[in-house]
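Coordinates from input.csv are shown below (CSV, C-alpha atoms and all ligand atoms).
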chain,number,residue,atom,x,y,z
A,1,MET,CA,14.3,-6.0,46.6
A,2,THR,CA,11.1,-4.1,47.2
A,3,LEU,CA,9.0,-2.6,44.4
A,4,HIS,CA,9.9,0.8,45.7
A,5,SER,CA,13.7,0.3,45.6
A,6,LEU,CA,13.3,-1.2,42.1
A,7,THR,CA,11.6,1.9,40.8
A,8,THR,CA,14.0,4.2,42.6
A,9,GLN,CA,16.9,2.3,41.0
A,10,ARG,CA,15.3,2.6,37.6
A,11,GLN,CA,14.8,6.3,37.9
A,12,THR,CA,18.3,6.9,38.9
A,13,THR,CA,19.8,4.8,36.2
A,14,ARG,CA,21.6,6.9,33.7
A,15,PRO,CA,22.8,5.8,30.3
A,16,SER,CA,26.5,4.9,30.4
A,17,PRO,CA,28.7,7.5,28.6
A,18,ASP,CA,30.0,4.6,26.6
A,19,LEU,CA,26.7,4.5,24.7
A,20,GLY,CA,27.7,7.6,22.8
A,21,SER,CA,25.6,10.6,21.8
A,22,PRO,CA,21.8,10.2,21.9
A,23,LEU,CA,20.2,8.9,18.7
A,24,ALA,CA,19.4,11.8,16.4
A,25,LEU,CA,17.9,10.2,13.2
A,26,ALA,CA,16.3,6.9,12.3
A,27,VAL,CA,16.2,6.1,8.6
A,28,ILE,CA,13.3,3.7,7.7
A,29,VAL,CA,13.8,1.6,4.6
A,30,PRO,CA,10.9,-0.6,3.4
A,31,THR,CA,12.2,-3.6,1.5
A,32,LEU,CA,10.8,-6.3,-0.7
A,33,ASN,CA,13.4,-8.4,-2.5
A,34,GLU,CA,16.1,-5.8,-2.5
A,35,ALA,CA,19.1,-8.1,-1.7
A,36,GLY,CA,21.1,-6.7,-4.7
A,37,ASN,CA,20.8,-3.2,-3.3
A,38,ILE,CA,21.5,-3.7,0.4
A,39,ALA,CA,25.3,-3.3,0.3
A,40,ALA,CA,25.1,-0.1,-1.7
A,41,MET,CA,22.3,1.3,0.6
A,42,VAL,CA,24.3,0.7,3.8
A,43,ALA,CA,27.5,2.1,2.2
A,44,GLY,CA,25.5,5.2,1.0
A,45,LEU,CA,23.9,5.8,4.4
A,46,ASP,CA,27.3,5.4,6.1
A,47,ARG,CA,28.9,8.0,3.8
A,48,ALA,CA,26.0,10.5,3.8
A,49,LEU,CA,25.3,10.5,7.5
A,50,ASP,CA,28.9,10.7,8.8
A,51,GLY,CA,28.9,12.7,12.0
A,52,LEU,CA,25.3,12.1,12.9
A,53,ALA,CA,24.0,9.5,15.5
A,54,TRP,CA,21.8,7.5,13.3
A,55,GLU,CA,20.2,4.1,12.9
A,56,ALA,CA,18.6,2.5,9.9
A,57,ILE,CA,15.5,0.2,10.3
A,58,PHE,CA,14.9,-2.0,7.3
A,59,VAL,CA,11.3,-3.3,7.3
A,60,ASP,CA,11.3,-6.4,5.2
A,61,ASP,CA,8.1,-8.2,4.1
A,62,ASP,CA,9.7,-11.6,4.2
A,63,SER,CA,11.6,-11.2,0.9
A,64,THR,CA,12.4,-14.5,-0.9
A,65,ASP,CA,15.8,-13.3,-2.0
A,66,GLY,CA,17.5,-13.3,1.4
A,67,THR,CA,17.2,-9.5,2.1
A,68,ALA,CA,16.5,-10.0,5.8
A,69,ALA,CA,19.3,-12.6,6.3
A,70,LEU,CA,21.8,-10.2,4.6
A,71,LEU,CA,20.7,-7.3,6.8
A,72,ARG,CA,21.1,-9.5,9.9
A,73,GLN,CA,24.6,-10.4,8.8
A,74,ILE,CA,25.5,-6.7,8.5
A,75,GLY,CA,23.6,-5.8,11.7
A,76,ALA,CA,25.6,-8.3,13.8
A,77,TYR,CA,28.6,-6.1,13.3
A,78,ASP,CA,27.1,-2.7,12.7
A,79,ARG,CA,24.5,-1.9,15.4
A,80,ARG,CA,23.2,1.0,13.4
A,81,ILE,CA,21.6,-1.5,11.0
A,82,ARG,CA,18.4,-3.1,12.3
A,83,VAL,CA,15.8,-5.3,10.6
A,84,ILE,CA,12.1,-5.9,11.2
A,85,GLN,CA,11.0,-8.9,9.3
A,86,ARG,CA,7.2,-9.2,8.9
A,87,LEU,CA,5.6,-12.6,8.2
A,88,GLY,CA,2.4,-12.8,6.1
A,89,ARG,CA,2.2,-9.0,5.8
A,90,ARG,CA,2.4,-6.8,2.8
A,91,GLY,CA,2.5,-3.1,2.0
A,92,LEU,CA,5.0,-0.3,1.9
A,93,ALA,CA,2.9,2.1,3.9
A,94,SER,CA,2.3,-0.2,6.9
A,95,ALA,CA,6.0,-1.3,6.8
A,96,VAL,CA,7.1,2.3,7.1
A,97,THR,CA,4.7,2.9,10.0
A,98,GLU,CA,6.0,-0.1,11.9
A,99,GLY,CA,9.6,1.1,11.4
A,100,VAL,CA,8.7,4.5,12.8
A,101,LEU,CA,7.0,2.9,15.8
A,102,ALA,CA,10.2,0.9,16.5
A,103,THR,CA,12.6,3.8,17.0
A,104,ALA,CA,13.5,6.2,19.8
A,105,ALA,CA,14.9,8.8,17.5
A,106,PRO,CA,13.4,12.3,17.5
A,107,VAL,CA,13.6,12.6,13.8
A,108,ILE,CA,12.8,9.9,11.2
A,109,ALA,CA,13.5,9.7,7.5
A,110,VAL,CA,11.9,7.4,4.9
A,111,ILE,CA,13.9,6.2,1.9
A,112,ASP,CA,13.4,3.5,-0.7
A,113,GLY,CA,15.8,0.6,-0.6
A,114,ASP,CA,16.7,0.6,-4.3
A,115,MET,CA,19.0,3.7,-4.4
A,116,GLN,CA,16.4,5.8,-6.4
A,117,HIS,CA,16.3,8.4,-3.6
A,118,ASP,CA,19.5,10.4,-3.1
A,119,GLU,CA,20.7,9.6,0.4
A,120,ALA,CA,23.2,12.5,0.2
A,121,LEU,CA,20.1,14.7,0.8
A,122,LEU,CA,19.4,13.2,4.2
A,123,PRO,CA,21.5,15.6,6.3
A,124,LYS,CA,19.8,18.6,4.6
A,125,MET,CA,16.4,17.1,5.3
A,126,TYR,CA,17.3,16.4,8.9
A,127,GLU,CA,18.5,19.9,9.4
A,128,ALA,CA,15.4,21.3,7.8
A,129,VAL,CA,13.3,19.4,10.4
A,130,THR,CA,15.4,20.3,13.4
A,131,GLY,CA,16.1,23.9,12.3
A,132,ASP,CA,19.9,23.3,12.5
A,133,ASP,CA,20.1,24.9,9.0
A,134,GLY,CA,18.8,28.2,10.5
A,135,GLY,CA,15.4,27.9,8.8
A,136,GLY,CA,13.4,27.6,12.0
A,137,GLY,CA,12.6,23.9,11.7
A,138,CYS,CA,9.5,22.1,10.3
A,139,ASP,CA,7.4,19.0,10.8
A,140,LEU,CA,8.0,17.5,7.5
A,141,ALA,CA,10.8,17.9,4.9
A,142,ILE,CA,10.0,16.3,1.6
A,143,GLY,CA,12.5,15.2,-1.0
A,144,SER,CA,10.9,16.6,-4.1
A,145,ARG,CA,11.3,15.8,-7.8
A,146,TYR,CA,9.0,18.6,-8.9
A,147,VAL,CA,10.4,21.8,-7.3
A,148,ASP,CA,13.1,23.9,-9.0
A,149,GLY,CA,16.4,21.9,-9.0
A,150,GLY,CA,14.6,18.5,-8.7
A,151,ALA,CA,14.2,16.0,-11.5
A,152,ALA,CA,12.9,12.5,-12.1
A,153,SER,CA,15.6,11.0,-14.4
A,154,GLY,CA,14.3,7.5,-13.8
A,155,PHE,CA,10.9,8.5,-15.1
A,156,THR,CA,10.1,8.6,-18.7
A,157,GLY,CA,7.0,8.8,-20.9
A,158,VAL,CA,4.0,7.1,-19.4
A,159,ARG,CA,5.5,6.7,-15.9
A,160,GLU,CA,6.1,10.5,-15.7
A,161,LEU,CA,2.7,11.3,-17.1
A,162,ILE,CA,1.1,9.0,-14.5
A,163,SER,CA,3.1,10.5,-11.7
A,164,ARG,CA,2.2,14.1,-12.6
A,165,THR,CA,-1.5,13.2,-13.0
A,166,ALA,CA,-1.5,11.5,-9.7
A,167,THR,CA,0.1,14.5,-8.2
A,168,ARG,CA,-2.7,16.8,-9.4
A,169,VAL,CA,-5.4,14.4,-8.3
A,170,THR,CA,-3.8,14.1,-4.8
A,171,ASN,CA,-3.5,17.8,-4.3
A,172,ALA,CA,-7.1,18.4,-5.4
A,173,THR,CA,-8.4,15.6,-3.1
A,174,LEU,CA,-6.4,16.6,0.0
A,175,ARG,CA,-6.6,20.3,-0.7
A,176,THR,CA,-2.9,20.7,-0.5
A,177,THR,CA,-0.3,22.4,-2.7
A,178,ILE,CA,2.6,20.0,-2.3
A,179,ALA,CA,4.7,19.9,-5.5
A,180,ASP,CA,5.5,16.2,-5.0
A,181,PRO,CA,2.9,14.6,-2.6
A,182,MET,CA,3.6,11.2,-4.1
A,183,SER,CA,7.2,11.3,-2.9
A,184,GLY,CA,8.3,8.3,-0.9
A,185,PHE,CA,11.4,10.2,0.4
A,186,PHE,CA,10.9,12.5,3.4
A,187,ALA,CA,12.0,13.3,6.9
A,188,ALA,CA,9.7,14.2,9.8
A,189,ARG,CA,9.6,15.0,13.5
A,190,HIS,CA,8.9,11.7,15.2
A,191,ASP,CA,6.1,13.2,17.3
A,192,ALA,CA,4.5,14.7,14.2
A,193,PHE,CA,4.4,11.3,12.5
A,194,MET,CA,3.1,9.7,15.8
A,195,ALA,CA,0.2,12.2,15.9
A,196,SER,CA,-0.9,11.0,12.5
A,197,ALA,CA,-0.2,7.3,13.2
A,198,PRO,CA,-3.5,6.3,14.9
A,199,HIS,CA,-5.4,7.8,11.9
A,200,LEU,CA,-3.4,6.3,9.1
A,201,SER,CA,-5.1,4.2,6.5
A,202,ASN,CA,-1.8,2.3,5.8
A,203,ILE,CA,-3.1,1.2,2.4
A,204,GLY,CA,-0.6,0.6,-0.3
A,205,PHE,CA,2.4,2.7,-1.3
A,206,LYS,CA,1.6,6.3,-0.5
A,207,ILE,CA,2.5,6.8,3.1
A,208,LEU,CA,3.4,10.5,2.7
A,209,MET,CA,0.0,11.6,1.6
A,210,ASP,CA,-1.5,9.4,4.2
A,211,VAL,CA,0.5,11.1,6.9
A,212,VAL,CA,-0.4,14.6,5.6
A,213,ALA,CA,-4.1,13.8,5.3
A,214,SER,CA,-4.2,12.1,8.7
A,215,SER,CA,-2.5,14.8,10.8
A,216,PRO,CA,-4.7,16.3,13.4
A,217,ALA,CA,-3.0,19.7,13.0
A,218,PRO,CA,-1.7,21.2,9.8
A,219,LEU,CA,1.9,20.3,9.2
A,220,ALA,CA,4.7,22.8,8.6
A,221,ILE,CA,6.2,21.4,5.3
A,222,ARG,CA,9.3,22.1,3.3
A,223,GLU,CA,10.2,20.6,0.0
A,224,ILE,CA,13.9,20.1,-1.0
A,225,PRO,CA,14.8,19.3,-4.6
A,226,TYR,CA,16.6,16.1,-5.5
A,227,THR,CA,17.1,14.0,-8.6
A,228,PHE,CA,15.2,10.7,-8.7
A,229,ARG,CA,17.7,8.1,-10.0
A,230,PRO,CA,17.2,4.9,-11.9
A,231,ARG,CA,17.0,1.7,-9.8
A,232,HIS,CA,20.4,0.2,-8.8
A,233,ALA,CA,19.4,-3.5,-9.0
A,234,GLY,CA,16.2,-5.6,-8.8
A,235,THR,CA,12.8,-4.8,-10.2
A,236,SER,CA,10.0,-2.3,-9.4
A,237,LYS,CA,7.0,-3.5,-7.3
A,238,LEU,CA,4.6,-1.1,-9.0
A,239,ASP,CA,1.7,-3.0,-10.5
A,240,PRO,CA,-2.1,-2.6,-11.0
A,241,ARG,CA,-2.6,-3.5,-7.4
A,242,VAL,CA,-0.5,-0.5,-6.3
A,243,ALA,CA,-2.5,1.8,-8.6
A,244,HIS,CA,-5.7,0.4,-7.2
A,245,GLU,CA,-4.6,0.9,-3.6
A,246,PHE,CA,-3.7,4.5,-4.4
A,247,PHE,CA,-7.3,5.0,-5.7
A,248,VAL,CA,-8.7,3.2,-2.6
A,249,LEU,CA,-6.5,5.5,-0.3
A,250,LEU,CA,-7.8,8.6,-2.0
A,251,LEU,CA,-11.4,7.4,-1.6
A,252,GLU,CA,-10.7,6.5,2.0
A,253,LYS,CA,-9.3,10.0,2.8
A,254,MET,CA,-12.3,11.7,1.0
A,255,LEU,CA,-15.2,9.4,2.1
A,256,GLY,CA,-13.8,7.1,4.8
A,257,ARG,CA,-15.6,9.1,7.5
A,258,TYR,CA,-19.0,8.5,5.9
A,259,VAL,CA,-18.9,5.0,4.3
A,260,PRO,CA,-16.8,1.9,4.5
A,261,VAL,CA,-14.6,2.2,1.4
A,262,ARG,CA,-14.0,-1.6,1.2
A,263,PHE,CA,-17.7,-2.1,0.8
A,264,LEU,CA,-17.9,0.6,-1.9
A,265,MET,CA,-15.1,-1.2,-3.8
A,266,PHE,CA,-17.0,-4.5,-3.5
A,267,ALA,CA,-20.2,-2.8,-4.7
A,268,GLY,CA,-18.3,-1.2,-7.6
A,269,ALA,CA,-16.9,-4.6,-8.7
A,270,GLY,CA,-20.4,-6.1,-8.3
A,271,LEU,CA,-21.9,-3.4,-10.5
A,272,PHE,CA,-19.3,-4.1,-13.2
A,273,GLY,CA,-20.1,-7.8,-13.1
A,274,LEU,CA,-23.8,-7.0,-13.3
A,275,ALA,CA,-23.3,-4.9,-16.3
A,276,ILE,CA,-21.3,-7.7,-18.0
A,277,ASN,CA,-24.0,-10.2,-17.1
A,278,LEU,CA,-26.8,-8.0,-18.6
A,279,MET,CA,-24.8,-7.1,-21.7
A,280,VAL,CA,-24.0,-10.8,-22.5
A,281,ILE,CA,-27.6,-12.0,-21.9
A,282,GLY,CA,-29.0,-9.0,-23.8
A,283,SER,CA,-26.8,-9.4,-26.8
A,284,LEU,CA,-27.3,-13.1,-27.1
A,285,PHE,CA,-31.0,-13.2,-26.4
A,286,ARG,CA,-32.2,-9.9,-28.0
A,287,HIS,CA,-29.8,-9.5,-30.8
A,288,ALA,CA,-28.4,-12.9,-31.7
A,289,GLY,CA,-31.7,-14.7,-31.3
A,290,ILE,CA,-30.4,-17.3,-28.9
A,291,SER,CA,-32.9,-18.7,-26.4
A,292,PHE,CA,-33.1,-17.3,-22.8
A,293,ALA,CA,-32.3,-20.7,-21.4
A,294,VAL,CA,-28.8,-20.6,-23.1
A,295,ALA,CA,-28.2,-16.8,-22.9
A,296,LEU,CA,-28.8,-16.7,-19.1
A,297,PRO,CA,-26.1,-19.2,-18.0
A,298,ALA,CA,-23.7,-17.7,-20.6
A,299,GLY,CA,-24.2,-14.3,-18.9
A,300,VAL,CA,-23.7,-15.7,-15.4
A,301,ILE,CA,-20.4,-17.5,-16.4
A,302,ALA,CA,-19.2,-14.3,-18.2
A,303,ALA,CA,-19.8,-12.2,-15.0
A,304,MET,CA,-18.1,-14.8,-12.9
A,305,ALA,CA,-15.1,-14.9,-15.2
A,306,PHE,CA,-14.8,-11.1,-15.2
A,307,ASN,CA,-14.9,-10.9,-11.4
A,308,TYR,CA,-12.3,-13.6,-11.1
A,309,PHE,CA,-10.0,-11.9,-13.7
A,310,LEU,CA,-10.4,-8.5,-11.9
A,311,ALA,CA,-9.6,-10.0,-8.5
A,312,ASN,CA,-6.5,-11.8,-9.9
A,313,THR,CA,-5.3,-8.6,-11.6
A,314,LEU,CA,-5.6,-6.7,-8.4
A,315,THR,CA,-3.5,-9.2,-6.5
A,316,TYR,CA,0.2,-8.5,-5.8
A,317,ARG,CA,2.2,-9.4,-9.0
A,318,ASP,CA,4.2,-12.2,-7.3
A,319,LEU,CA,1.1,-13.8,-5.8
A,320,ARG,CA,-1.0,-13.6,-9.0
A,321,LEU,CA,-2.1,-16.9,-10.6
A,322,ARG,CA,-0.9,-17.7,-14.1
A,323,GLY,CA,-1.4,-20.5,-16.6
A,324,ALA,CA,-2.7,-23.8,-15.2
A,325,ALA,CA,-2.9,-22.3,-11.6
A,326,PHE,CA,-5.1,-19.5,-13.0
A,327,LEU,CA,-7.5,-22.1,-14.5
A,328,ARG,CA,-7.5,-24.2,-11.3
A,329,GLY,CA,-8.2,-21.0,-9.3
A,330,PHE,CA,-11.1,-20.3,-11.5
A,331,VAL,CA,-12.6,-23.7,-10.9
A,332,GLY,CA,-12.3,-23.1,-7.2
A,333,TYR,CA,-13.8,-19.6,-7.5
A,334,ALA,CA,-16.7,-21.0,-9.6
A,335,ALA,CA,-17.3,-23.7,-7.0
A,336,VAL,CA,-17.6,-21.1,-4.3
A,337,CYS,CA,-20.0,-19.0,-6.4
A,338,ALA,CA,-22.0,-22.1,-7.7
A,339,PRO,CA,-24.9,-22.0,-5.1
A,340,GLY,CA,-25.5,-18.3,-5.9
A,341,ALA,CA,-25.2,-18.9,-9.7
A,342,ILE,CA,-27.7,-21.9,-9.4
A,343,GLY,CA,-30.1,-19.8,-7.4
A,344,ASN,CA,-29.7,-17.0,-9.9
A,345,ILE,CA,-30.5,-19.2,-12.9
A,346,PHE,CA,-33.4,-20.9,-11.0
A,347,VAL,CA,-35.1,-17.6,-10.1
A,348,SER,CA,-34.5,-15.9,-13.4
A,349,THR,CA,-35.9,-18.8,-15.4
A,350,LEU,CA,-39.0,-19.0,-13.2
A,351,LEU,CA,-39.7,-15.2,-13.5
A,352,PHE,CA,-39.0,-15.3,-17.3
A,353,ARG,CA,-41.5,-18.2,-17.7
A,354,ASP,CA,-44.0,-16.3,-15.7
A,355,GLY,CA,-43.8,-13.4,-18.3
A,356,SER,CA,-41.2,-11.0,-16.8
A,357,THR,CA,-39.2,-9.0,-19.2
A,358,TRP,CA,-35.7,-10.6,-19.8
A,359,TRP,CA,-33.8,-8.0,-18.0
A,360,VAL,CA,-36.1,-7.9,-15.0
A,361,ALA,CA,-35.7,-11.6,-14.7
A,362,ALA,CA,-31.9,-11.5,-15.1
A,363,LEU,CA,-31.6,-8.7,-12.6
A,364,ALA,CA,-33.6,-10.4,-9.9
A,365,GLY,CA,-31.5,-13.5,-10.3
A,366,ALA,CA,-28.3,-11.4,-10.2
A,367,VAL,CA,-29.3,-9.9,-6.8
A,368,ILE,CA,-29.3,-13.5,-5.4
A,369,ALA,CA,-25.9,-14.2,-6.9
A,370,VAL,CA,-24.3,-11.0,-5.6
A,371,THR,CA,-25.7,-11.5,-2.1
A,372,TRP,CA,-24.4,-15.0,-2.0
A,373,THR,CA,-20.9,-14.0,-3.3
A,374,TYR,CA,-20.8,-11.2,-0.7
A,375,ALA,CA,-21.7,-13.5,2.2
A,376,ALA,CA,-19.3,-16.2,1.0
A,377,THR,CA,-16.5,-13.6,0.7
A,378,LEU,CA,-17.1,-12.3,4.2
A,379,LEU,CA,-17.2,-15.9,5.5
A,380,LEU,CA,-13.9,-16.9,3.8
A,381,THR,CA,-12.0,-13.7,4.7
A,382,ALA,CA,-13.3,-13.8,8.3
A,383,LYS,CA,-11.8,-17.3,8.5
A,384,ARG,CA,-8.5,-16.2,7.1
A,385,ARG,CA,-8.2,-13.2,9.3
A,386,ARG,CA,-5.8,-14.0,12.1
A,387,PRO,CA,-3.6,-11.9,14.4
A,388,VAL,CA,-0.1,-11.6,13.1
B,401,LIG,N1,8.2,-3.8,3.2
B,401,LIG,C1,7.8,-3.6,2.0
B,401,LIG,N2,8.5,-2.9,1.1
B,401,LIG,C2,8.0,-2.7,-0.1
B,401,LIG,C3,6.7,-3.2,-0.5
B,401,LIG,N3,6.5,-2.9,-1.8
B,401,LIG,C4,7.6,-2.2,-2.2
B,401,LIG,N4,8.5,-2.0,-1.2
B,401,LIG,C5,9.8,-1.3,-1.1
B,401,LIG,O1,9.4,0.1,-1.3
B,401,LIG,C6,10.4,0.7,-2.1
B,401,LIG,C7,9.8,1.3,-3.4
B,401,LIG,O2,9.3,0.3,-4.2
B,401,LIG,P1,9.6,0.2,-5.7
B,401,LIG,O3,9.2,-1.1,-6.2
B,401,LIG,O4,11.0,0.7,-6.0
B,401,LIG,O5,8.6,1.3,-6.3
B,401,LIG,P2,8.8,2.4,-7.5
B,401,LIG,O6,10.1,3.1,-7.1
B,401,LIG,O7,7.6,3.2,-7.5
B,401,LIG,O8,9.0,1.5,-8.7
B,401,LIG,C8,11.5,-0.3,-2.4
B,401,LIG,O9,12.5,-0.3,-1.4
B,401,LIG,C9,10.7,-1.6,-2.3
B,401,LIG,O10,11.5,-2.7,-1.9
B,401,LIG,C10,6.0,-4.0,0.4
B,401,LIG,O11,4.9,-4.5,0.1
B,401,LIG,N5,6.5,-4.2,1.7
B,402,MG,MG,11.9,2.3,-6.8
Spell out the structure here as structure tokens.
Amino acid sequence: MTLHSLTTQRQTTRPSPDLGSPLALAVIVPTLNEAGNIAAMVAGLDRALDGLAWEAIFVDDDSTDGTAALLRQIGAYDRRIRVIQRLGRRGLASAVTEGVLATAAPVIAVIDGDMQHDEALLPKMYEAVTGDDGGGGCDLAIGSRYVDGGAASGFTGVRELISRTATRVTNATLRTTIADPMSGFFAARHDAFMASAPHLSNIGFKILMDVVASSPAPLAIREIPYTFRPRHAGTSKLDPRVAHEFFVLLLEKMLGRYVPVRFLMFAGAGLFGLAINLMVIGSLFRHAGISFAVALPAGVIAAMAFNYFLANTLTYRDLRLRGAAFLRGFVGYAAVCAPGAIGNIFVSTLLFRDGSTWWVAALAGAVIAVTWTYAATLLLTAKRRRPV
């Protein structure tokens, strides 16, 4: 067969009528250890989307509770259910993006896999996007807890306060007036999402605000009220790391064009460590009358312990070190930092002996330690970076 006849054949190939109506909607469900919710999710989607040509793409970050295996079992019989299993990857936002990239549907919807979002709203969101509801259509239909008729019953006390504060901060940063920009429940035109896709930061949990902030053209947005429900089964993955990533995402959207935000975060943590270092040395040496030779290493160890503690707190909860592993981790961390710390103590001691003020000596030494740690971090993470 010649190349020409092959292409002609391809062009004239028509989908068989047996394949049914063209795909209308892809529901993207990010999952991490949601095995207890899968059956309820699939049943809920089946009920809610009756009459629509839909598929659901579950993007699973290698859950340890068998989520992906369960989805494959269901998918073997129900072709609407698909699974993308990612190895060595993490993050709700990037999972959603990969799900969107994997579908041919003209409209996508994103919904959590724990039944907190009301799947019965999906047809309404779909019609808001396509205009089938007579509303003229839009780029993005957001399931909103904070417009009239919406509610966040699963949210109480501190969680609600945090959510409302984050909403204000987000709107102020992005110069938007979305009632619920932190919502993880929305539908969008596939091409509107794809226009944002190359510019997405894909950091952390907040894919909706990332999409809105990354869109090259202003999006036509509608908000549709729904009631946020309590979790069906399993546990929330919200932790300090997620809050930190939200903060990094906001910074990235505000300043990313001008400065590398990851470097800013490293510098911020470094400055904190430096402040601890100087505070410990100052209080021991100046106020407690302890010799500089003892105060200096105490300050260096305190700064190292603080940076280690901070890094561990900002690690995903299930990967965080605890108990004996935490201590072993610290020994390893201290070993990596040791050359910088020794250089620091050596230089500070020399300067102090030569008559420098205590804080000038300590600061000069700290510059050496910070430079070393930065270089070591770059080296270690460069080694670990591998294509997945
Ligand atoms: N693929 C993937 N999904 C995630 C990740 N973190 C959370 N999820 C899923 O995102 C949805 C929302 O997460 P959840 O922990 O319920 O957040 P919360 O509702 O704010 O407490 C759930 O379906 C989670 O399983 C992740 O790192 N990767
Ligand atoms: Mg949830």
Could you list, as a PyMOL selection string, every residue within 9 Å of A:Leu314, counting only C-alpha atoms and ignoring same-chain residues fewer than 6 positions away? chain A and resi 239-242+244+320
Between atom CA of A:Leu251 and atom CA of A:Ile368, what is the spacing in Å? 27.8 Å
So the first atom is atom CA of A:Leu87 and the second is atom CA of A:Ser63; what is the distance between them in Å, to one decimal place?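 Those two atoms sit 9.6 Å apart.
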Taking all atoms listed in the file into account, which residues have an atom no farther than 8 Å from ligand MG 402 (chain B)? I'd like them as a PyMOL selection string. chain A and resi 112-116+230-231+235-237
Please identify the residues whose atoms come within 6 Å of ligand LIG 401 (chain B), using only C-alpha atoms and all ligand atoms, and report them as a list in words.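 Here is the list of contacting residues: Pro30, Thr31, Leu32, Glu34, Val59, Asp60, Asp61, Arg90, Gly91, Leu92, Ala95, Asp112, Gly113, Asp114, Ser236, Lys237 and Leu238 of chain A.
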Filtering to C-alpha atoms, could you give me those residues as a JSON list (two decimals), keeping the file's coordinate frame?
[["chain", "number", "residue", "atom", "x", "y", "z"],
["A", 30, "PRO", "CA", 10.90, -0.60, 3.40],
["A", 31, "THR", "CA", 12.20, -3.60, 1.50],
["A", 32, "LEU", "CA", 10.80, -6.30, -0.70],
["A", 34, "GLU", "CA", 16.10, -5.80, -2.50],
["A", 59, "VAL", "CA", 11.30, -3.30, 7.30],
["A", 60, "ASP", "CA", 11.30, -6.40, 5.20],
["A", 61, "ASP", "CA", 8.10, -8.20, 4.10],
["A", 90, "ARG", "CA", 2.40, -6.80, 2.80],
["A", 91, "GLY", "CA", 2.50, -3.10, 2.00],
["A", 92, "LEU", "CA", 5.00, -0.30, 1.90],
["A", 95, "ALA", "CA", 6.00, -1.30, 6.80],
["A", 112, "ASP", "CA", 13.40, 3.50, -0.70],
["A", 113, "GLY", "CA", 15.80, 0.60, -0.60],
["A", 114, "ASP", "CA", 16.70, 0.60, -4.30],
["A", 236, "SER", "CA", 10.00, -2.30, -9.40],
["A", 237, "LYS", "CA", 7.00, -3.50, -7.30],
["A", 238, "LEU", "CA", 4.60, -1.10, -9.00]]
Taking all atoms listed in the file into account, name the residue in A:Arg145, A:Gly66, A:Tyr77, A:Leu200 that is nearest to A:Gly256.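 For A:Gly256, the nearest of the given residues is A:Leu200.
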Please return as a VMD selection string every residue within 8 Å of (8.7, 18.2, 2.5), taking into account only C-alpha atoms and the file's own coordinates. chain A and resid 140 to 144 178 186 to 187 221 to 224
Selecting N, CA and C atoms, how would stretch 275-287 of chain A from this structure be written as a PDB file, in the first residue's frame?
ATOM      1  N   ALA A 275      17.718  34.420  60.796  1.00  0.00           N
ATOM      2  CA  ALA A 275      17.180  35.145  61.951  1.00  0.00           C
ATOM      3  C   ALA A 275      17.300  34.279  63.209  1.00  0.00           C
ATOM      4  N   ILE A 276      16.972  32.982  63.070  1.00  0.00           N
ATOM      5  CA  ILE A 276      17.071  32.058  64.222  1.00  0.00           C
ATOM      6  C   ILE A 276      18.531  31.989  64.679  1.00  0.00           C
ATOM      7  N   ASN A 277      19.429  31.828  63.699  1.00  0.00           N
ATOM      8  CA  ASN A 277      20.859  31.736  63.977  1.00  0.00           C
ATOM      9  C   ASN A 277      21.323  32.947  64.812  1.00  0.00           C
ATOM     10  N   LEU A 278      21.005  34.151  64.325  1.00  0.00           N
ATOM     11  CA  LEU A 278      21.472  35.367  65.011  1.00  0.00           C
ATOM     12  C   LEU A 278      20.797  35.515  66.375  1.00  0.00           C
ATOM     13  N   MET A 279      19.512  35.135  66.452  1.00  0.00           N
ATOM     14  CA  MET A 279      18.798  35.277  67.724  1.00  0.00           C
ATOM     15  C   MET A 279      19.410  34.373  68.787  1.00  0.00           C
ATOM     16  N   VAL A 280      19.710  33.132  68.406  1.00  0.00           N
ATOM     17  CA  VAL A 280      20.274  32.185  69.387  1.00  0.00           C
ATOM     18  C   VAL A 280      21.671  32.646  69.812  1.00  0.00           C
ATOM     19  N   ILE A 281      22.505  33.004  68.829  1.00  0.00           N
ATOM     20  CA  ILE A 281      23.867  33.449  69.182  1.00  0.00           C
ATOM     21  C   ILE A 281      23.784  34.696  70.063  1.00  0.00           C
ATOM     22  N   GLY A 282      22.945  35.655  69.648  1.00  0.00           N
ATOM     23  CA  GLY A 282      22.815  36.916  70.388  1.00  0.00           C
ATOM     24  C   GLY A 282      22.349  36.687  71.807  1.00  0.00           C
ATOM     25  N   SER A 283      21.297  35.848  71.979  1.00  0.00           N
ATOM     26  CA  SER A 283      20.774  35.701  73.343  1.00  0.00           C
ATOM     27  C   SER A 283      21.754  34.942  74.231  1.00  0.00           C
ATOM     28  N   LEU A 284      22.454  33.956  73.650  1.00  0.00           N
ATOM     29  CA  LEU A 284      23.414  33.215  74.485  1.00  0.00           C
ATOM     30  C   LEU A 284      24.634  34.071  74.818  1.00  0.00           C
ATOM     31  N   PHE A 285      25.193  34.690  73.779  1.00  0.00           N
ATOM     32  CA  PHE A 285      26.455  35.412  73.942  1.00  0.00           C
ATOM     33  C   PHE A 285      26.258  36.764  74.649  1.00  0.00           C
ATOM     34  N   ARG A 286      25.278  37.543  74.187  1.00  0.00           N
ATOM     35  CA  ARG A 286      25.087  38.895  74.732  1.00  0.00           C
ATOM     36  C   ARG A 286      24.358  38.881  76.071  1.00  0.00           C
ATOM     37  N   HIS A 287      23.315  38.030  76.133  1.00  0.00           N
ATOM     38  CA  HIS A 287      22.459  38.145  77.319  1.00  0.00           C
ATOM     39  C   HIS A 287      22.715  37.084  78.376  1.00  0.00           C
TER      40      HIS A 287
END
